[in-house]
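**Student:** First the structure, then my questions, so here it is.
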Amino acid sequence: MRLDKFLKVSRLVKRRTLAKEICDGGRVLVNSRVAKAGTEVDVGNTLQIRYGARTLTVRIEKIAENARKELAADLYTVLSEERKPGASQDDDDEGDLED
């Protein structure tokens with residue numbers, strides 16, 4: 001599955017166009033390598049996503065073409081979440097992970 005589509009289906013990013021912009025801006029790493037929106041991802045891959053002052057690291061657990069809101073979090077496991085020191089929550093581009 002394409003990286004931008006996975007980010008949208010998993011609800012790590014709310015809109016696919018925003019997911020594409022984030023990827024093409026070099027703010028997403030797949031297995032520690034900068035990835036573009038069209039990069040293919042698979043189960044077991046590690047994603048590191050920079051949302052403004054926050055960096056979220058997740059491992060892909062499942063791939064699904066679409067997922068209901070309640071099941072979206074089952075597609076990944078959060079490995080770590082880091083915030084730049086002194087940054088407020090308002091500094092995040094994407095806001096909370098949940099809708």
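Scheme for the structure tokens: letters A, B, ... for chains in order shown; per-chain residue numbers from 1; ligand numbers from 1 in order shown.
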Can you pull out every residue within 10 Å of Leu79 (chain A), counting only C-alpha atoms, but drop anything in the same chain fewer than 6 positions away, and send it as a list in words?
**Tutor:**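 The neighbour list is Thr46, Leu47, Gln48, Leu56, Thr57, Val58 and Arg59 of chain A.
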**Student:** Keeping only N, CA and C atoms, write the selected residues to a file as a CSV table (one decimal), in the first residue's frame.
**Tutor:**
```
chain,number,residue,atom,x,y,z
A,46,THR,N,8.6,0.4,10.1
A,46,THR,CA,8.5,1.5,11.1
A,46,THR,C,8.4,2.8,10.4
A,47,LEU,N,7.4,3.6,10.9
A,47,LEU,CA,7.2,5.0,10.4
A,47,LEU,C,7.6,6.0,11.5
A,48,GLN,N,8.3,7.0,11.1
A,48,GLN,CA,8.6,8.1,12.0
A,48,GLN,C,8.0,9.4,11.3
A,56,LEU,N,6.3,11.2,16.0
A,56,LEU,CA,5.6,10.0,16.4
A,56,LEU,C,6.2,8.8,15.6
A,57,THR,N,6.6,7.8,16.4
A,57,THR,CA,7.2,6.6,15.8
A,57,THR,C,6.2,5.4,16.0
A,58,VAL,N,5.8,4.8,14.9
A,58,VAL,CA,4.8,3.6,14.9
A,58,VAL,C,5.4,2.5,14.1
A,59,ARG,N,4.9,1.3,14.4
A,59,ARG,CA,5.2,0.1,13.6
A,59,ARG,C,3.8,-0.4,13.0
```
**Student:** Please identify all polymer residues within 12 Å of region 19-21 of chain A, counting only C-alpha atoms, omitting same-chain residues fewer than 2 positions from it, and present them as a ChimeraX atom specification.
**Tutor:** /A:2-17,23-28,35-39,49-51,93-94
**Student:** Could you please determine the separation between CA of Val43 (chain A) and CA of Leu18 (chain A) in Å, to one decimal place?
**Tutor:**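 Computing it gives 22.5 Å between the two atoms.
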**Student:** Taking 2 positions as the minimum chain separation for residues in the same chain, which residues sit within 8 Å of Leu75 (chain A) when counting only C-alpha atoms? Answer as JSON, numbers by chain.
**Tutor:** {"A": [10, 60, 61, 62, 63, 64, 71, 72, 73, 77]}
**Student:** Just list the residues in region 6-43 of chain A DSSP gives strand (DSSP E) on the backbone, as JSON, numbers by chain.
**Tutor:** {"A": [28, 29, 30, 33, 34]}
**Student:** What is the distance, in Å and to one decimal place, between CA of Glu40 (chain A) and CA of Ser80 (chain A)?
**Tutor:**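 The value is 22.3 Å.
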**Student:** Apply DSSP to the structure's backbone, then extract all residues of chain A labelled alpha helix (DSSP H) and return them as a list in words.
**Tutor:**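 Across chain A, those assigned alpha helix (DSSP H) are Leu3, Asp4, Lys5, Phe6, Leu7, Lys8, Val9, Arg16, Thr17, Leu18, Ala19, Lys20, Glu21, Ile22, Cys23, Asp24, Lys69, Glu70, Leu71 and Ala72 of chain A.
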**Student:** Can you write just those residues out, C-alpha atoms, as a PDB file, in the first residue's frame?
**Tutor:**
```
ATOM      1  CA  LEU A   3       2.458   5.444   2.307  1.00  0.00           C
ATOM      2  CA  ASP A   4       0.075   8.388   1.890  1.00  0.00           C
ATOM      3  CA  LYS A   5      -2.915   6.053   1.701  1.00  0.00           C
ATOM      4  CA  PHE A   6      -1.805   4.134   4.815  1.00  0.00           C
ATOM      5  CA  LEU A   7      -1.428   7.386   6.767  1.00  0.00           C
ATOM      6  CA  LYS A   8      -4.978   8.352   5.790  1.00  0.00           C
ATOM      7  CA  VAL A   9      -6.601   4.925   6.370  1.00  0.00           C
ATOM      8  CA  ARG A  16      -4.713  12.063   1.987  1.00  0.00           C
ATOM      9  CA  THR A  17      -3.668  15.342   0.342  1.00  0.00           C
ATOM     10  CA  LEU A  18      -2.130  16.444   3.642  1.00  0.00           C
ATOM     11  CA  ALA A  19      -0.432  13.030   3.966  1.00  0.00           C
ATOM     12  CA  LYS A  20       1.077  13.527   0.496  1.00  0.00           C
ATOM     13  CA  GLU A  21       2.353  16.999   1.403  1.00  0.00           C
ATOM     14  CA  ILE A  22       3.909  15.738   4.654  1.00  0.00           C
ATOM     15  CA  CYS A  23       5.601  12.837   2.848  1.00  0.00           C
ATOM     16  CA  ASP A  24       6.871  14.927  -0.044  1.00  0.00           C
ATOM     17  CA  LYS A  69     -12.569   4.844  12.978  1.00  0.00           C
ATOM     18  CA  GLU A  70     -12.763   2.351  15.854  1.00  0.00           C
ATOM     19  CA  LEU A  71     -10.411  -0.086  14.083  1.00  0.00           C
ATOM     20  CA  ALA A  72      -7.899   2.385  12.646  1.00  0.00           C
TER      21      ALA A  72
END
```
